[in-house]
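J.: File query29.csv follows (CSV, C-alpha atoms):
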```csv
chain,number,residue,atom,x,y,z
A,4,MET,CA,10.3,-14.9,-3.9
A,5,ALA,CA,7.1,-12.9,-3.0
A,6,LYS,CA,7.0,-9.6,-4.8
A,7,ALA,CA,4.9,-6.6,-3.6
A,8,ILE,CA,2.8,-5.7,-6.7
A,9,HIS,CA,-0.2,-3.5,-5.6
A,10,SER,CA,-2.0,-1.9,-2.7
A,11,MET,CA,-5.8,-1.9,-2.7
A,12,ILE,CA,-8.2,0.8,-1.4
A,13,ARG,CA,-12.0,0.9,-1.6
A,14,VAL,CA,-13.3,4.1,-3.1
A,15,THR,CA,-16.9,5.4,-3.6
A,16,ASP,CA,-16.6,7.3,-6.9
A,17,GLU,CA,-14.5,5.8,-9.6
A,18,ASP,CA,-14.2,8.8,-11.9
A,19,ARG,CA,-13.4,11.1,-9.1
A,20,SER,CA,-10.6,8.9,-7.8
A,21,VAL,CA,-9.1,8.1,-11.2
A,22,ALA,CA,-9.0,11.8,-12.0
A,23,PHE,CA,-7.4,12.6,-8.7
A,24,TYR,CA,-4.6,10.0,-9.0
A,25,ASN,CA,-4.0,11.1,-12.5
A,26,ARG,CA,-3.7,14.8,-11.8
A,27,ALA,CA,-1.8,14.4,-8.5
A,28,PHE,CA,0.6,11.6,-9.4
A,29,GLY,CA,0.4,10.9,-13.1
A,30,LEU,CA,-1.2,7.5,-12.6
A,31,GLU,CA,-2.8,6.1,-15.7
A,32,LEU,CA,-5.5,3.5,-16.1
A,33,ALA,CA,-3.6,0.2,-16.6
A,34,ASP,CA,-6.6,-2.1,-16.5
A,35,ARG,CA,-10.3,-2.0,-15.5
A,36,TYR,CA,-12.4,-5.1,-14.8
A,37,ASP,CA,-16.1,-4.7,-14.3
A,38,PHE,CA,-18.0,-7.4,-12.4
A,39,GLU,CA,-21.6,-7.7,-11.3
A,40,GLY,CA,-21.2,-6.2,-7.9
A,41,PHE,CA,-17.9,-4.4,-8.1
A,42,THR,CA,-15.2,-2.9,-10.4
A,43,LEU,CA,-11.4,-3.3,-10.1
A,44,ILE,CA,-9.3,-0.5,-11.4
A,45,TYR,CA,-5.5,-0.7,-11.7
A,46,LEU,CA,-3.5,2.6,-11.8
A,47,SER,CA,0.2,3.0,-12.5
A,48,ASN,CA,2.8,5.1,-14.1
A,49,ALA,CA,6.2,4.5,-15.8
A,50,GLU,CA,8.2,4.9,-12.6
A,51,THR,CA,7.4,1.6,-11.1
A,52,GLY,CA,5.4,-1.6,-11.7
A,53,PHE,CA,3.8,-1.2,-8.3
A,54,GLU,CA,0.1,-0.4,-8.9
A,55,LEU,CA,-2.7,1.2,-6.9
A,56,GLU,CA,-5.8,-1.0,-7.1
A,57,LEU,CA,-9.1,0.8,-6.6
A,58,THR,CA,-12.2,-1.3,-5.7
A,59,VAL,CA,-15.6,0.2,-6.3
A,60,ASN,CA,-18.4,-1.7,-4.7
A,61,LYS,CA,-21.6,-1.0,-6.5
A,62,GLY,CA,-24.3,0.4,-4.3
A,63,GLN,CA,-21.8,1.7,-1.7
A,64,ASP,CA,-22.8,5.3,-1.3
A,65,ALA,CA,-21.8,5.8,2.3
A,66,PRO,CA,-18.2,6.8,3.0
A,67,TYR,CA,-15.9,4.0,4.1
A,68,ASP,CA,-14.7,3.9,7.6
A,69,LEU,CA,-10.9,4.6,7.3
A,70,GLY,CA,-10.1,3.6,10.8
A,71,ASN,CA,-6.8,4.5,12.4
A,72,GLY,CA,-4.6,1.6,11.3
A,73,TYR,CA,-3.7,2.0,7.7
A,74,GLY,CA,-1.4,4.9,7.2
A,75,HIS,CA,-0.7,6.0,3.6
A,76,ILE,CA,0.8,5.2,0.3
A,77,ALA,CA,4.0,7.3,-0.3
A,78,PHE,CA,5.3,8.8,-3.6
A,79,SER,CA,8.7,10.3,-4.1
A,80,VAL,CA,9.2,13.4,-6.3
A,81,ASN,CA,12.1,15.2,-7.8
A,82,ASP,CA,11.2,18.7,-6.5
A,83,ILE,CA,8.9,18.8,-3.5
A,84,ASP,CA,8.5,22.5,-3.5
A,85,ALA,CA,7.4,22.5,-7.2
A,86,GLU,CA,5.0,19.6,-6.5
A,87,HIS,CA,3.6,21.3,-3.5
A,88,LYS,CA,2.9,24.4,-5.5
A,89,ARG,CA,1.4,22.5,-8.4
A,90,LEU,CA,-0.9,20.5,-6.2
A,91,SER,CA,-1.9,23.6,-4.4
A,92,GLU,CA,-2.8,25.3,-7.7
A,93,LEU,CA,-4.8,22.3,-8.6
A,94,GLY,CA,-6.9,22.9,-5.5
A,95,LEU,CA,-5.8,19.6,-3.9
A,96,GLU,CA,-4.9,21.3,-0.6
A,97,PRO,CA,-1.6,19.7,0.3
A,98,ARG,CA,-0.6,20.2,3.9
A,99,ASP,CA,2.6,22.1,4.8
A,100,ILE,CA,6.0,20.7,3.9
A,101,LYS,CA,7.8,19.4,6.9
A,102,SER,CA,11.2,17.9,7.6
A,103,LEU,CA,12.1,15.0,10.0
A,104,ASP,CA,15.5,14.6,11.5
A,105,HIS,CA,16.8,11.4,13.1
A,106,ASP,CA,19.6,11.7,15.6
A,107,GLY,CA,20.4,15.2,14.2
A,108,THR,CA,20.6,14.0,10.6
A,109,PRO,CA,18.0,15.0,8.0
A,110,LEU,CA,15.9,11.9,7.2
A,111,ALA,CA,12.9,13.1,5.2
A,112,THR,CA,11.2,16.2,3.7
A,113,PHE,CA,7.6,15.5,3.0
A,114,PHE,CA,4.0,16.7,3.0
A,115,PHE,CA,0.6,14.9,3.2
A,116,LEU,CA,-2.5,15.3,1.2
A,117,GLN,CA,-5.8,13.4,1.1
A,118,ASP,CA,-7.4,11.7,-1.7
A,119,PRO,CA,-11.2,12.2,-2.5
A,120,ASP,CA,-12.2,9.4,0.0
A,121,GLY,CA,-9.9,10.8,2.7
A,122,TYR,CA,-7.0,8.4,2.4
A,123,MET,CA,-3.7,10.0,3.4
A,124,ILE,CA,-0.9,10.2,0.9
A,125,GLU,CA,2.7,11.1,1.7
A,126,VAL,CA,4.8,13.0,-0.9
A,127,LEU,CA,8.5,12.8,-0.2
A,128,GLN,CA,11.5,14.6,-1.6
A,129,ARG,CA,13.5,12.0,-3.6
A,130,ALA,CA,16.7,11.9,-1.6
A,131,GLY,CA,18.5,9.8,0.9
A,132,ARG,CA,16.7,6.5,1.4
A,133,TYR,CA,13.5,7.7,-0.3
A,134,LEU,CA,14.3,7.1,-4.0
B,16,MET,CA,7.3,11.9,-12.1
B,17,ALA,CA,5.9,10.7,-8.8
B,18,LYS,CA,7.0,7.2,-7.9
B,19,ALA,CA,5.2,4.9,-5.5
B,20,ILE,CA,7.8,3.9,-2.9
B,21,HIS,CA,6.1,2.5,0.2
B,22,SER,CA,2.9,1.7,2.0
B,23,MET,CA,2.5,2.4,5.7
B,24,ILE,CA,0.6,0.5,8.3
B,25,ARG,CA,0.5,1.0,12.1
B,26,VAL,CA,1.3,-2.1,14.1
B,27,THR,CA,1.2,-2.8,17.8
B,28,ASP,CA,4.1,-5.2,18.2
B,29,GLU,CA,7.3,-4.6,16.2
B,30,ASP,CA,9.0,-7.9,16.7
B,31,ARG,CA,5.8,-9.9,15.9
B,32,SER,CA,5.2,-8.0,12.7
B,33,VAL,CA,8.8,-8.0,11.5
B,34,ALA,CA,8.9,-11.8,12.1
B,35,PHE,CA,5.6,-12.3,10.3
B,36,TYR,CA,6.6,-10.4,7.2
B,37,ASN,CA,10.0,-12.1,7.1
B,38,ARG,CA,8.5,-15.6,7.4
B,39,ALA,CA,5.6,-15.0,5.1
B,40,PHE,CA,7.2,-12.9,2.3
B,41,GLY,CA,10.9,-12.8,2.9
B,42,LEU,CA,10.9,-9.1,3.7
B,43,GLU,CA,14.1,-8.0,5.5
B,44,LEU,CA,14.7,-5.0,7.7
B,45,ALA,CA,16.0,-2.3,5.3
B,46,ASP,CA,16.1,0.5,7.9
B,47,ARG,CA,14.8,1.2,11.4
B,48,TYR,CA,14.5,4.7,12.9
B,49,ASP,CA,13.7,5.1,16.6
B,50,PHE,CA,12.1,8.4,17.8
B,51,GLU,CA,10.9,9.5,21.1
B,52,GLY,CA,7.2,8.6,20.5
B,53,PHE,CA,7.4,6.2,17.6
B,54,THR,CA,9.5,3.9,15.5
B,55,LEU,CA,9.6,3.6,11.7
B,56,ILE,CA,10.6,0.3,10.3
B,57,TYR,CA,11.2,-0.3,6.5
B,58,LEU,CA,10.9,-3.8,5.1
B,59,SER,CA,11.7,-5.0,1.6
B,60,ASN,CA,13.1,-7.8,-0.4
B,61,ALA,CA,15.1,-8.1,-3.6
B,62,GLU,CA,12.0,-8.4,-5.8
B,63,THR,CA,11.1,-4.7,-5.8
B,64,GLY,CA,12.2,-1.4,-4.3
B,65,PHE,CA,8.7,-0.8,-3.0
B,66,GLU,CA,8.8,-1.1,0.8
B,67,LEU,CA,6.4,-1.8,3.6
B,68,GLU,CA,6.7,0.8,6.3
B,69,LEU,CA,5.6,-0.2,9.8
B,70,THR,CA,4.9,2.6,12.3
B,71,VAL,CA,5.0,1.6,16.0
B,72,ASN,CA,3.5,4.2,18.2
B,73,LYS,CA,4.9,3.8,21.7
B,74,GLY,CA,2.3,3.4,24.4
B,75,GLN,CA,-0.3,2.1,21.8
B,76,ASP,CA,-1.5,-1.1,23.4
B,77,ALA,CA,-5.0,-1.3,22.1
B,78,PRO,CA,-5.6,-2.8,18.6
B,79,TYR,CA,-5.9,-0.3,15.8
B,80,ASP,CA,-9.3,0.2,14.2
B,81,LEU,CA,-8.8,-1.2,10.7
B,82,GLY,CA,-12.1,0.2,9.3
B,83,ASN,CA,-13.5,-1.1,6.0
B,84,GLY,CA,-11.8,1.2,3.5
B,85,TYR,CA,-8.2,0.0,3.2
B,86,GLY,CA,-8.1,-3.3,1.4
B,87,HIS,CA,-4.7,-5.0,1.3
B,88,ILE,CA,-1.2,-5.2,0.0
B,89,ALA,CA,-0.7,-7.9,-2.6
B,90,PHE,CA,2.3,-10.1,-3.3
B,91,SER,CA,2.8,-12.3,-6.4
B,92,VAL,CA,4.4,-15.7,-6.1
B,93,ASN,CA,5.8,-18.3,-8.5
B,94,ASP,CA,3.9,-21.3,-7.2
B,95,ILE,CA,0.7,-20.4,-5.3
B,96,ASP,CA,0.0,-24.0,-4.2
B,97,ALA,CA,3.5,-24.4,-2.7
B,98,GLU,CA,3.2,-21.0,-1.0
B,99,HIS,CA,-0.2,-21.9,0.4
B,100,LYS,CA,1.2,-25.1,1.8
B,101,ARG,CA,4.3,-23.4,3.2
B,102,LEU,CA,2.3,-20.7,4.9
B,103,SER,CA,-0.2,-23.3,6.3
B,104,GLU,CA,2.7,-25.3,7.7
B,105,LEU,CA,4.0,-22.1,9.4
B,106,GLY,CA,0.7,-21.8,11.2
B,107,LEU,CA,-0.2,-18.5,9.4
B,108,GLU,CA,-3.7,-19.8,8.4
B,109,PRO,CA,-4.0,-18.7,4.8
B,110,ARG,CA,-7.6,-18.8,3.5
B,111,ASP,CA,-8.6,-21.1,0.6
B,112,ILE,CA,-7.1,-20.6,-2.8
B,113,LYS,CA,-9.7,-19.0,-5.2
B,114,SER,CA,-9.9,-18.1,-8.8
B,115,LEU,CA,-11.6,-15.1,-10.4
B,116,ASP,CA,-12.7,-15.1,-14.0
B,117,HIS,CA,-13.6,-11.9,-16.0
B,118,ASP,CA,-16.0,-12.4,-18.9
B,119,GLY,CA,-15.1,-16.1,-19.0
B,120,THR,CA,-11.3,-15.5,-19.0
B,121,PRO,CA,-9.2,-16.5,-16.0
B,122,LEU,CA,-8.0,-13.3,-14.4
B,123,ALA,CA,-6.5,-14.2,-11.0
B,124,THR,CA,-5.7,-17.1,-8.7
B,125,PHE,CA,-5.2,-15.9,-5.2
B,126,PHE,CA,-5.7,-16.4,-1.4
B,127,PHE,CA,-5.8,-14.0,1.5
B,128,LEU,CA,-4.2,-14.2,4.9
B,129,GLN,CA,-4.0,-11.8,7.8
B,130,ASP,CA,-1.0,-10.2,9.4
B,131,PRO,CA,-0.7,-10.2,13.2
B,132,ASP,CA,-2.7,-6.9,13.5
B,133,GLY,CA,-5.4,-8.2,11.2
B,134,TYR,CA,-4.5,-6.4,8.0
B,135,MET,CA,-5.5,-8.4,4.9
B,136,ILE,CA,-2.8,-9.5,2.5
B,137,GLU,CA,-3.5,-11.0,-1.0
B,138,VAL,CA,-1.1,-13.6,-2.4
B,139,LEU,CA,-1.5,-14.0,-6.2
B,140,GLN,CA,-0.2,-16.5,-8.6
B,141,ARG,CA,2.4,-14.7,-10.8
B,142,ALA,CA,0.6,-14.9,-14.2
B,143,GLY,CA,-1.3,-12.7,-16.6
B,144,ARG,CA,-1.2,-9.1,-15.4
B,145,TYR,CA,-0.1,-10.0,-11.9
B,146,LEU,CA,3.7,-10.1,-12.4
```
Show me, as structure tokens, the structure contained in the file I just sent.

T.:
Amino acid sequence: MAKAIHSMIRVTDEDRSVAFYNRAFGLELADRYDFEGFTLIYLSNAETGFELELTVNKGQDAPYDLGNGYGHIAFSVNDIDAEHKRLSELGLEPRDIKSLDHDGTPLATFFFLQDPDGYMIEVLQRAGRYL
Amino acid sequence: MAKAIHSMIRVTDEDRSVAFYNRAFGLELADRYDFEGFTLIYLSNAETGFELELTVNKGQDAPYDLGNGYGHIAFSVNDIDAEHKRLSELGLEPRDIKSLDHDGTPLATFFFLQDPDGYMIEVLQRAGRYL
């Protein structure tokens, strides 16, 4: 059966993005493949085999057009208040923590932050269906 | 530690997208939450806990602007030739199967196809680092 294994985004500055995902989510460099016109970088941590793939196209200096279709990748965390504080102290400017109810039942507690290229990332309290 | 749990894309036609991801990758409806202005749909299969989240914004009829930043979600499969044939026979128009070497060593065998909103999806032969 088909297995979801990674999500790919194009980024403009490899070092900046690798540092961000490491500091923000503990993602480590799993593999890096340099080609003539581009570099592929795979990031992951011990929580899941699902990877974030970064593509760096050489010579791409202009910001990418992020459009309005793709939403975000989401990470669950054990203590959302502590994570929000930690990310704030790192200067990563997480947005406010919010909660979403569905039919009167708490569904999600979360906040968003942006990566260095402006991609949105959702951080969810590990609870309910978000494990 | 932060755990990657889902990736979200905005789609214009819920039924069409749910049918596509089911036929193409065996993703089943894990949960569906209807709100006043939008619906959240979570799709997954038994291969991984990582989910695809679809957001349907009510009243959104125009196609989303997909930009050029977000790349794709990737799925690994046991038999890429058989999957390519099956997806072709379903009329899902997968692109040609290609291989990528890195420094003379085979790295990946893959093809792309588009979902109903035009998002790219990579299908990889389950081998090497793509498990």

J.: What does the structure give for the distance between atom CA of Asp82 of chain A and atom CA of Ala22 of chain A, in Å to one decimal?

T.: 22.0 Å

J.: Give me, as a tab-separated table, each residue of chain A that comes within 9 Å of chain B, together with its shortest interatomic pair and the distance in Å at one decimal, counting all atoms listed in the file, with rows ordered by chain and rising residue number.

T.:
```
residue	atom	partner	partner_atom	distance
A:Met4	CA	B:Val92	CA	6.3
A:Ala5	CA	B:Val92	CA	5.0
A:Lys6	CA	B:Phe90	CA	5.0
A:Ala7	CA	B:Phe90	CA	4.4
A:Ile8	CA	B:Phe90	CA	5.6
A:His9	CA	B:Ala89	CA	5.3
A:Ser10	CA	B:Ile88	CA	4.3
A:Met11	CA	B:Gly86	CA	4.9
A:Ile12	CA	B:Tyr85	CA	4.7
A:Arg13	CA	B:Gly84	CA	5.1
A:Val14	CA	B:Gly84	CA	7.4
A:Ala27	CA	B:Ala17	CA	8.5
A:Phe28	CA	B:Ala17	CA	5.4
A:Gly29	CA	B:Ala17	CA	7.0
A:Leu30	CA	B:Ala17	CA	8.7
A:Asp34	CA	B:Arg144	CA	8.9
A:Tyr36	CA	B:His117	CA	7.0
A:Asp37	CA	B:His117	CA	7.8
A:Phe38	CA	B:His117	CA	7.3
A:Ser47	CA	B:Ala19	CA	8.8
A:Asn48	CA	B:Lys18	CA	7.8
A:Ala49	CA	B:Met16	CA	8.3
A:Glu50	CA	B:Lys18	CA	5.4
A:Thr51	CA	B:Lys18	CA	6.5
A:Gly52	CA	B:Leu146	CA	8.7
A:Phe53	CA	B:Ala19	CA	6.9
A:Glu54	CA	B:Ala19	CA	8.1
A:Leu55	CA	B:Ala19	CA	8.8
A:Thr58	CA	B:Gly86	CA	8.4
A:Pro66	CA	B:Gly84	CA	8.5
A:Tyr67	CA	B:Gly84	CA	5.0
A:Asp68	CA	B:Gly82	CA	4.8
A:Leu69	CA	B:Gly82	CA	5.0
A:Gly70	CA	B:Gly82	CA	4.2
A:Asn71	CA	B:Asp80	CA	5.3
A:Gly72	CA	B:Tyr79	CA	5.1
A:Tyr73	CA	B:Ile24	CA	4.6
A:Gly74	CA	B:Met23	CA	4.9
A:His75	CA	B:Met23	CA	5.3
A:Ile76	CA	B:Ser22	CA	4.4
A:Ala77	CA	B:His21	CA	5.3
A:Phe78	CA	B:Ala19	CA	4.3
A:Ser79	CA	B:Lys18	CA	5.2
A:Val80	CA	B:Ala17	CA	4.9
A:Asn81	CA	B:Met16	CA	7.2
A:His105	CA	B:Tyr48	CA	7.1
A:Asp106	CA	B:Phe50	CA	8.5
A:Asp120	CA	B:Gly84	CA	8.9
A:Tyr122	CA	B:Tyr85	CA	8.5
A:Val126	CA	B:Ala17	CA	8.3
A:Arg132	CA	B:Asp46	CA	8.9
A:Tyr133	CA	B:Ile20	CA	7.3
A:Leu134	CA	B:Ile20	CA	7.3
```

J.: In Å, how far is it from atom CA of Ala77 of chain B to atom CA of Leu116 of chain A?

T.: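 Between these atoms lies a distance of 26.8 Å.
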
J.: Can you work out which one of B:Phe127, B:Arg47, B:Glu29, B:Pro121 has the shortest atom-to-atom distance to Pro109 of chain B, counting all atoms listed in the file?

T.: B:Phe127

J.: What is the distance, in Å and to one decimal place, between atom CA of Glu108 of chain B and atom CA of Glu43 of chain B?

T.: 21.6 Å

J.: Pick out the closest residue to Ser91 of chain A from this set: A:Phe114, A:Pro119, A:Val21, A:Ala130. Count all atoms listed in the file.

T.: A:Phe114
